[in-house]
$ cat my_file10.txt   # compact mmCIF, C-alpha atoms (C1' of nucleotides)
# COMPACT_ATOMS: atom_id res chain seq x y z
CA MET A 1 -23.49 150.75 121.97
CA SER A 2 -19.79 150.04 122.38
CA ASN A 3 -17.28 152.09 120.44
CA SER A 4 -16.00 150.74 117.17
CA LEU A 5 -12.87 148.82 116.27
CA THR A 6 -9.50 150.41 115.72
CA THR A 7 -7.69 149.74 112.48
CA LYS A 8 -5.22 147.55 114.34
CA GLN A 9 -8.03 145.49 115.76
CA GLU A 10 -9.71 145.14 112.40
CA GLU A 11 -6.52 144.04 110.75
CA LEU A 12 -5.78 141.51 113.44
CA ILE A 13 -9.30 140.10 113.22
CA GLU A 14 -8.87 139.67 109.48
CA LYS A 15 -5.50 137.98 109.91
CA ILE A 16 -6.92 135.58 112.45
CA GLY A 17 -9.83 135.01 110.10
CA VAL A 18 -7.58 134.15 107.20
CA PHE A 19 -5.52 131.85 109.39
CA HIS A 20 -8.53 129.78 110.32
CA GLU A 21 -10.00 129.98 106.84
CA GLN A 22 -6.85 128.40 105.44
CA ARG A 23 -7.31 125.53 107.84
CA GLY A 24 -10.78 124.73 106.62
CA MET A 25 -12.91 126.91 108.88
CA GLN A 26 -15.69 129.04 107.41
CA PRO A 27 -14.55 132.64 106.91
CA LEU A 28 -17.05 134.30 109.20
CA MET A 29 -16.35 131.89 112.03
CA GLY A 30 -12.67 132.71 111.99
CA ARG A 31 -13.53 136.41 112.12
CA ILE A 32 -15.86 135.95 115.04
CA LEU A 33 -13.12 134.12 116.92
CA GLY A 34 -10.82 137.03 116.16
CA LEU A 35 -13.38 139.58 117.25
CA LEU A 36 -14.09 137.89 120.58
CA MET A 37 -10.40 137.67 121.25
CA VAL A 38 -9.61 141.26 120.38
CA LEU A 39 -12.50 143.01 122.10
CA GLU A 40 -11.62 144.55 125.43
CA ASP A 41 -14.69 143.00 127.02
CA ALA A 42 -13.83 139.62 125.54
CA GLU A 43 -17.49 139.21 124.69
CA ALA A 44 -20.06 140.58 122.26
CA THR A 45 -23.76 140.43 121.63
CA PHE A 46 -25.33 139.15 118.47
CA ASP A 47 -25.95 142.66 117.22
CA GLU A 48 -22.47 143.86 118.06
CA ILE A 49 -21.06 141.05 115.97
CA VAL A 50 -23.36 141.94 113.07
CA GLU A 51 -22.38 145.58 113.34
CA LYS A 52 -18.64 145.22 113.87
CA LEU A 53 -18.07 142.57 111.24
CA GLN A 54 -20.63 144.10 108.88
CA VAL A 55 -22.36 140.87 107.99
CA SER A 56 -25.95 139.73 107.91
CA LYS A 57 -27.85 138.46 110.91
CA SER A 58 -28.45 135.11 109.28
CA ALA A 59 -24.78 134.53 108.68
CA VAL A 60 -24.01 135.40 112.29
CA SER A 61 -26.83 133.23 113.59
CA ASN A 62 -25.59 130.20 111.69
CA ALA A 63 -21.96 130.78 112.60
CA LEU A 64 -22.70 131.26 116.30
CA ASN A 65 -24.84 128.17 116.54
CA PHE A 66 -22.27 126.04 114.80
CA MET A 67 -19.48 127.34 116.99
CA GLN A 68 -21.45 126.63 120.12
CA VAL A 69 -21.99 123.05 119.07
CA LYS A 70 -18.28 122.82 118.37
CA ASN A 71 -17.60 124.22 121.84
CA PHE A 72 -15.56 127.11 120.50
CA ILE A 73 -17.79 129.67 122.13
CA ALA A 74 -20.55 129.97 124.70
CA TYR A 75 -22.77 132.76 125.90
CA ARG A 76 -23.91 134.19 129.17
CA THR A 77 -26.87 136.43 129.93
CA LYS A 78 -27.41 139.29 132.34
CA ILE A 79 -30.47 139.84 134.52
CA GLY A 80 -33.01 142.12 132.92
CA ASP A 81 -31.31 141.81 129.54
CA ARG A 82 -32.39 139.41 126.86
CA LYS A 83 -29.21 139.69 124.85
CA ARG A 84 -26.71 136.88 124.68
CA TYR A 85 -23.12 137.75 125.43
CA PHE A 86 -20.91 135.43 123.43
CA TYR A 87 -17.38 134.66 124.52
CA LEU A 88 -14.57 132.27 123.73
CA ARG A 89 -14.55 129.10 125.75
CA MET A 90 -11.08 129.52 127.21
CA GLY A 91 -11.74 128.99 130.91
CA GLU A 92 -10.58 126.10 133.10
CA ASN A 93 -10.81 123.41 130.42
CA TRP A 94 -8.74 125.02 127.70
CA GLU A 95 -6.17 122.34 128.41
CA THR A 96 -8.39 119.45 127.44
CA ASP A 97 -9.60 121.30 124.37
CA LEU A 98 -6.15 122.28 123.25
CA THR A 99 -4.56 118.89 123.75
CA HIS A 100 -7.55 117.37 122.05
CA GLU A 101 -7.01 119.65 119.10
CA ILE A 102 -3.31 118.89 118.97
CA MET A 103 -4.08 115.23 118.92
CA GLU A 104 -6.50 115.74 116.03
CA LEU A 105 -3.34 115.85 114.00
CA THR A 106 -2.63 112.26 114.79
CA LYS A 107 -5.89 111.15 113.18
CA ILE A 108 -3.99 110.81 109.96
CA ASN A 109 -2.32 107.91 111.68
CA ASP A 110 -5.50 105.87 111.46
CA PHE A 111 -5.18 106.10 107.70
CA PHE A 112 -1.49 105.30 107.79
CA LYS A 113 -2.33 102.12 109.63
CA GLU A 114 -4.99 101.24 107.08
CA VAL A 115 -2.52 101.88 104.30
CA LEU A 116 0.09 99.63 105.90
CA GLU A 117 -2.55 96.94 106.31
CA LEU A 118 -3.29 97.11 102.59
CA ARG A 119 0.26 97.26 101.27
CA SER A 120 2.23 94.18 100.26
CA ASN A 121 5.94 94.03 100.87
CA LYS A 122 6.84 95.01 97.35
CA HIS A 123 8.47 98.21 98.52
CA PRO A 124 9.83 97.46 102.04
CA GLU A 125 11.73 100.73 102.28
CA PHE A 126 8.55 102.72 101.91
CA ASN A 127 6.70 100.49 104.35
CA LYS A 128 9.49 100.87 106.87
CA ASN A 129 9.37 104.65 106.62
CA LEU A 130 5.63 104.78 106.93
CA THR A 131 5.71 102.43 109.91
CA CYS A 132 8.26 104.63 111.56
CA ILE A 133 6.19 107.76 111.08
CA SER A 134 3.14 105.94 112.33
CA GLU A 135 4.98 104.83 115.45
CA PHE A 136 6.16 108.34 116.09
CA LEU A 137 2.64 109.69 115.81
CA GLU A 138 1.52 107.05 118.27
CA PHE A 139 4.26 108.04 120.66
CA PHE A 140 3.51 111.72 120.13
CA LYS A 141 -0.14 111.26 120.88
CA GLU A 142 0.54 109.65 124.23
CA GLN A 143 3.15 112.25 125.12
CA VAL A 144 0.97 115.32 124.63
CA PRO A 145 -0.84 114.92 127.95
CA VAL A 146 2.50 114.25 129.60
CA LEU A 147 3.78 117.49 128.14
CA LEU A 148 0.82 119.33 129.56
CA GLU A 149 1.52 117.93 133.02
CA LYS A 150 5.14 118.99 132.76
CA PHE A 151 4.04 122.46 131.78
CA LYS A 152 1.69 122.77 134.72
CA ASN A 153 4.37 121.60 137.14
CA LYS A 154 6.83 124.06 135.69
CA LYS A 155 4.37 126.89 136.26
CA ASN A 156 3.85 126.01 139.95
CA MET B 1 0.45 100.21 82.09
CA SER B 2 0.09 99.15 85.71
CA ASN B 3 -3.06 97.35 86.78
CA SER B 4 -5.89 99.34 88.23
CA LEU B 5 -6.90 100.08 91.78
CA THR B 6 -8.84 97.71 93.98
CA THR B 7 -12.04 98.93 95.60
CA LYS B 8 -10.28 99.00 98.97
CA GLN B 9 -7.54 101.16 97.55
CA GLU B 10 -10.00 103.52 95.93
CA GLU B 11 -11.99 103.89 99.12
CA LEU B 12 -8.90 104.54 101.18
CA ILE B 13 -7.69 107.14 98.70
CA GLU B 14 -11.02 108.92 98.94
CA LYS B 15 -10.98 108.82 102.73
CA ILE B 16 -7.49 110.27 102.83
CA GLY B 17 -8.64 112.85 100.30
CA VAL B 18 -11.58 113.92 102.43
CA PHE B 19 -9.36 114.09 105.50
CA HIS B 20 -7.02 116.55 103.86
CA GLU B 21 -9.84 118.41 102.17
CA GLN B 22 -11.41 119.13 105.54
CA ARG B 23 -8.15 120.65 106.67
CA GLY B 24 -8.05 123.15 103.84
CA MET B 25 -6.20 121.20 101.16
CA GLN B 26 -7.53 121.10 97.61
CA PRO B 27 -9.46 117.88 96.94
CA LEU B 28 -7.28 116.54 94.18
CA MET B 29 -4.09 117.07 96.16
CA GLY B 30 -5.38 114.99 99.02
CA ARG B 31 -6.28 112.25 96.58
CA ILE B 32 -2.88 112.29 94.98
CA LEU B 33 -1.30 111.95 98.42
CA GLY B 34 -3.59 109.00 99.03
CA LEU B 35 -2.76 107.43 95.69
CA LEU B 36 0.99 107.68 96.12
CA MET B 37 0.68 106.14 99.55
CA VAL B 38 -1.53 103.28 98.52
CA LEU B 39 0.21 102.24 95.31
CA GLU B 40 2.46 99.21 95.67
CA ASP B 41 5.23 101.00 93.81
CA ALA B 42 4.82 104.08 96.01
CA GLU B 43 5.18 106.17 92.88
CA ALA B 44 3.23 107.08 89.78
CA THR B 45 3.72 108.91 86.51
CA PHE B 46 1.71 111.91 85.45
CA ASP B 47 -0.43 109.82 83.15
CA GLU B 48 -1.01 107.12 85.72
CA ILE B 49 -2.34 109.74 88.10
CA VAL B 50 -4.62 111.14 85.39
CA GLU B 51 -5.86 107.66 84.59
CA LYS B 52 -6.27 106.28 88.11
CA LEU B 53 -7.92 109.32 89.62
CA GLN B 54 -9.86 110.07 86.43
CA VAL B 55 -9.11 113.76 86.34
CA SER B 56 -7.82 116.12 83.69
CA LYS B 57 -4.18 116.65 82.86
CA SER B 58 -4.37 120.30 83.76
CA ALA B 59 -5.72 119.60 87.23
CA VAL B 60 -2.96 117.06 87.81
CA SER B 61 -0.31 119.41 86.47
CA ASN B 62 -1.34 122.20 88.82
CA ALA B 63 -1.68 119.92 91.82
CA LEU B 64 1.69 118.25 91.26
CA ASN B 65 3.52 121.54 90.84
CA PHE B 66 1.99 123.00 93.94
CA MET B 67 2.79 119.93 95.97
CA GLN B 68 6.37 119.94 94.83
CA VAL B 69 6.79 123.54 95.94
CA LYS B 70 5.23 122.58 99.24
CA ASN B 71 7.70 119.70 99.49
CA PHE B 72 4.97 117.11 99.84
CA ILE B 73 6.18 115.19 96.83
CA ALA B 74 9.14 114.94 94.48
CA TYR B 75 9.88 113.02 91.33
CA ARG B 76 12.65 110.91 89.95
CA THR B 77 13.35 109.92 86.38
CA LYS B 78 14.72 106.78 84.74
CA ILE B 79 17.31 106.65 82.00
CA GLY B 80 15.83 106.48 78.55
CA ASP B 81 12.43 107.49 79.89
CA ARG B 82 11.11 111.01 79.86
CA LYS B 83 8.33 110.36 82.32
CA ARG B 84 8.43 111.71 85.84
CA TYR B 85 7.85 109.26 88.65
CA PHE B 86 6.25 111.14 91.50
CA TYR B 87 6.52 109.93 95.06
CA LEU B 88 5.86 111.13 98.57
CA ARG B 89 8.77 112.86 100.22
CA MET B 90 9.01 110.55 103.20
CA GLY B 91 12.64 109.58 103.09
CA GLU B 92 15.43 110.68 105.40
CA ASN B 93 13.96 114.02 106.40
CA TRP B 94 10.41 113.04 107.29
CA GLU B 95 11.32 113.97 110.84
CA THR B 96 12.02 117.59 110.08
CA ASP B 97 8.96 117.81 107.88
CA LEU B 98 6.67 116.20 110.40
CA THR B 99 7.85 118.20 113.37
CA HIS B 100 7.64 121.28 111.20
CA GLU B 101 4.07 120.45 110.39
CA ILE B 102 3.20 119.78 114.00
CA MET B 103 4.66 123.12 114.91
CA GLU B 104 2.50 124.80 112.26
CA LEU B 105 -0.19 124.46 114.86
CA THR B 106 1.65 126.87 117.09
CA LYS B 107 1.48 129.60 114.47
CA ILE B 108 -1.76 130.69 116.04
CA ASN B 109 0.44 131.72 118.93
CA ASP B 110 1.87 134.58 116.90
CA PHE B 111 -1.64 135.98 116.74
CA PHE B 112 -2.23 135.34 120.43
CA LYS B 113 0.85 137.40 121.18
CA GLU B 114 -0.35 140.20 118.93
CA VAL B 115 -3.72 140.10 120.63
CA LEU B 116 -2.14 140.32 124.07
CA GLU B 117 -0.05 143.22 122.86
CA LEU B 118 -3.18 145.03 121.79
CA ARG B 119 -5.35 144.33 124.81
CA SER B 120 -5.59 146.65 127.81
CA ASN B 121 -5.97 145.21 131.27
CA LYS B 122 -9.71 145.73 131.33
CA HIS B 123 -10.33 142.02 131.54
CA PRO B 124 -7.33 140.54 133.42
CA GLU B 125 -8.88 137.10 133.76
CA PHE B 126 -9.12 136.71 130.02
CA ASN B 127 -5.61 138.05 129.54
CA LYS B 128 -4.29 135.62 132.12
CA ASN B 129 -5.94 132.68 130.38
CA LEU B 130 -4.70 133.72 126.98
CA THR B 131 -1.19 134.24 128.33
CA CYS B 132 -1.26 130.80 129.83
CA ILE B 133 -2.31 129.17 126.57
CA SER B 134 0.32 131.15 124.74
CA GLU B 135 3.00 130.00 127.16
CA PHE B 136 1.94 126.42 126.77
CA LEU B 137 2.13 126.66 123.00
CA GLU B 138 5.62 128.12 123.35
CA PHE B 139 6.62 125.27 125.62
CA PHE B 140 5.00 122.75 123.33
CA LYS B 141 6.82 124.08 120.31
CA GLU B 142 10.23 123.69 121.92
CA GLN B 143 9.37 120.25 123.26
CA VAL B 144 8.40 118.72 119.92
CA PRO B 145 12.01 118.27 118.78
CA VAL B 146 12.83 116.90 122.23
CA LEU B 147 10.04 114.39 121.83
CA LEU B 148 11.46 113.34 118.50
CA GLU B 149 14.86 112.74 120.07
CA LYS B 150 13.29 110.66 122.80
CA PHE B 151 11.48 108.63 120.20
CA LYS B 152 14.63 107.96 118.24
CA ASN B 153 16.49 106.89 121.38
CA LYS B 154 13.67 104.59 122.36
CA LYS B 155 13.87 102.91 118.95
CA ASN B 156 17.60 102.22 119.21
C1' DT C 1 11.36 117.83 58.84
C1' DT C 2 7.47 116.16 60.88
C1' DT C 3 5.50 113.73 64.56
C1' DC C 4 5.08 112.22 69.18
C1' DT C 5 5.51 112.51 74.10
C1' DA C 6 5.07 114.66 78.38
C1' DG C 7 3.58 117.98 80.24
C1' DT C 8 1.92 123.43 80.79
C1' DT C 9 -1.11 127.41 80.32
C1' DC C 10 -5.26 129.75 79.93
C1' DA C 11 -10.07 130.86 79.06
C1' DC C 12 -14.19 129.02 80.57
C1' DC C 13 -17.81 126.59 83.46
C1' DA C 14 -20.34 123.96 86.97
C1' DA C 15 -20.95 123.16 91.54
C1' DA C 16 -20.39 124.23 96.11
C1' DA C 17 -19.76 127.46 99.73
C1' DA C 18 -20.90 131.64 101.90
C1' DA C 19 -23.52 135.32 102.71
C1' DA C 20 -27.74 138.27 101.99
C1' DG C 21 -32.44 139.39 102.73
C1' DA C 22 -37.04 138.76 103.72
C1' DA C 23 -40.33 136.53 106.36
C1' DC C 24 -41.06 134.66 110.53
C1' DC C 25 -41.38 133.65 115.75
C1' DA C 26 -41.44 133.91 120.84
C1' DA C 27 -40.85 136.59 124.76
C1' DA C 28 -40.83 141.06 126.71
C1' DA C 29 -42.07 145.85 126.84
C1' DT C 30 -45.36 149.54 126.06
C1' DA D 1 -53.31 144.47 122.15
C1' DT D 2 -49.59 145.80 119.40
C1' DT D 3 -44.79 146.92 119.08
C1' DT D 4 -40.18 145.97 119.90
C1' DT D 5 -36.30 143.05 120.68
C1' DG D 6 -33.39 139.31 119.78
C1' DG D 7 -32.84 136.24 117.25
C1' DT D 8 -34.04 131.96 113.56
C1' DT D 9 -35.21 129.87 109.13
C1' DC D 10 -35.69 129.58 104.40
C1' DT D 11 -34.97 130.99 99.75
C1' DT D 12 -32.14 133.53 96.63
C1' DT D 13 -27.93 135.65 95.12
C1' DT D 14 -23.07 136.19 95.02
C1' DT D 15 -18.53 134.52 95.34
C1' DT D 16 -15.18 131.16 95.36
C1' DT D 17 -13.40 126.83 94.12
C1' DG D 18 -11.95 123.22 91.56
C1' DG D 19 -11.73 121.35 87.54
C1' DT D 20 -12.17 120.85 82.17
C1' DG D 21 -10.63 121.01 77.53
C1' DA D 22 -8.32 123.14 73.84
C1' DA D 23 -4.32 125.22 72.38
C1' DC D 24 0.39 125.39 73.13
C1' DT D 25 5.56 124.15 73.95
C1' DA D 26 10.02 121.97 74.42
C1' DG D 27 12.54 118.14 73.71
C1' DA D 28 12.93 113.46 71.76
C1' DA D 29 12.08 110.22 68.13
C1' DA D 30 11.15 108.77 63.53
$ encode --input "my_file10.txt" --output "structure tokens"
Amino acid sequence: MSNSLTTKQEELIEKIGVFHEQRGMQPLMGRILGLLMVLEDAEATFDEIVEKLQVSKSAVSNALNFMQVKNFIAYRTKIGDRKRYFYLRMGENWETDLTHEIMELTKINDFFKEVLELRSNKHPEFNKNLTCISEFLEFFKEQVPVLLEKFKNKKN
Amino acid sequence: MSNSLTTKQEELIEKIGVFHEQRGMQPLMGRILGLLMVLEDAEATFDEIVEKLQVSKSAVSNALNFMQVKNFIAYRTKIGDRKRYFYLRMGENWETDLTHEIMELTKINDFFKEVLELRSNKHPEFNKNLTCISEFLEFFKEQVPVLLEKFKNKKN
DNA sequence: TTTCTAGTTCACCAAAAAAAGAACCAAAAT
DNA sequence: ATTTTGGTTCTTTTTTTGGTGAACTAGAAA
């Protein structure tokens, strides 16, 4: 039984929770992400999550399973211990995940292209603007991996 | 009274709506964004929005006001006509808006920094990873405007 | 002055989302 | 063999959300 959260930790978990919530994530999931980030051990068992976040087992079960499918978290086990130790997937491949997530933003561009397809030339100014934004998003998308490379070089 | 939407237009509006909805935006707002993008005139009056999206005046009123505060849309008026013609704010300063929105993504970094502040060195590997991600986000944030400049140069 | 137009505000409601709780299950421990 | 542990699943309840519709308002028109 690990010791309980400090007020600072609790507050930070809630803030991180709200942040994700506002971006369309389910409330409890955001809080679990916060918890796993804030905990000294950087991991927690099922029951620790239930206890520290004061939520039901079913809610935790559903949230954890969903987040595993989404590759947000994973778990490890220890010999002679049936518990699952959940942790944030932040190891070697955070880069791919993060750039992938950044590029999610450019998905709107697929719709922009569809819109441009559908529009006549009644309002060329608008079309020109939209085309420009679309082109930038295209450019942006291909530059994100480049940016990552630059960053890695800079670090070494 | 402008003519009504084609099936293609309606479907695209809904798809754009769902896209935004999944990212935490209220359903109607996403649909209004879709509508204003898809309409040939690239603008619509209050009543046209009510009519074309088949929603109540109050819902439209709230959505429009919110979106104006958020700078997603604006309206113009015409002499001798009290109606407001709402349109997407995509004119001259789409660049600032878009880069601003892209950089929204890096807001999570504020929390990462707070987390790092709070964490001891019990789990240095985790801290190292988180620091690295945080540094990348920092780098990314400052590179977005650079990317925009590059894009503009490339166009000219 | 009264009526109309273009919206706003607010009390209310339905549906969806989120969580709770009980029953359940499989593997391990006693 | 039966109890405990570590969860899962299913149904029910609670909470939140998104939207409706009626009443209202300010300015323009008749």
$ atom_distance --input "my_file10.txt" --atom1 "atom C1' of D:DT14" --atom2 "atom CA of A:Gln26"
16.1 Å
$ residues_around --input "my_file10.txt" --residues "B:Phe112" --least-positions-apart "4" --cutoff "7 Å" --atoms "all atoms listed in the file" --output "list in words"
Ile108, Leu116 and Ser134 of chain B
$ closest_atom_pairs --input "my_file10.txt" --of "chain D" --to "chain A" --cutoff "8 Å" --atoms "only C-alpha atoms (C1' of nucleotides)" --output "CSV"
residue,atom,partner,partner_atom,distance
D:DG6,C1',A:Lys83,CA,6.6
D:DG7,C1',A:Ser61,CA,7.7
D:DT8,C1',A:Ser61,CA,7.3
$ closest_residue --input "my_file10.txt" --among "A:Ile16, A:Val69, A:Tyr75, A:Gly80" --to "chain C" --atoms "all atoms listed in the file"
A:Gly80
$ residues_around --input "my_file10.txt" --residues "A:Ile49" --least-positions-apart "6" --cutoff "12 Å" --atoms "all atoms listed in the file" --output "PyMOL selection string"
chain A and resi 1-2+4-5+28-29+31-36+39+43+55-61+63-64+84-87
$ residues_around --input "my_file10.txt" --residues "B:Pro27" --least-positions-apart "6" --cutoff "10 Å" --atoms "all atoms listed in the file" --output "MDAnalysis selection string"
(chainID B and resid 14 16:21 63) or (chainID D and resid 18)
$ residues_near_point --input "my_file10.txt" --point "(-13.0, 123.9, 73.1)" --cutoff "12 Å" --atoms "all atoms listed in the file" --output "PDB file with C-alpha atoms (C1' of nucleotides), in the coordinates of the input"
ATOM      1  C1'  DC C  10      -5.260 129.750  79.930  1.00  0.00           C
ATOM      2  C1'  DA C  11     -10.070 130.860  79.060  1.00  0.00           C
ATOM      3  C1'  DC C  12     -14.190 129.020  80.570  1.00  0.00           C
ATOM      4  C1'  DC C  13     -17.810 126.590  83.460  1.00  0.00           C
TER       5       DC C  13
ATOM      6  C1'  DT D  20     -12.170 120.850  82.170  1.00  0.00           C
ATOM      7  C1'  DG D  21     -10.630 121.010  77.530  1.00  0.00           C
ATOM      8  C1'  DA D  22      -8.320 123.140  73.840  1.00  0.00           C
ATOM      9  C1'  DA D  23      -4.320 125.220  72.380  1.00  0.00           C
TER      10       DA D  23
END
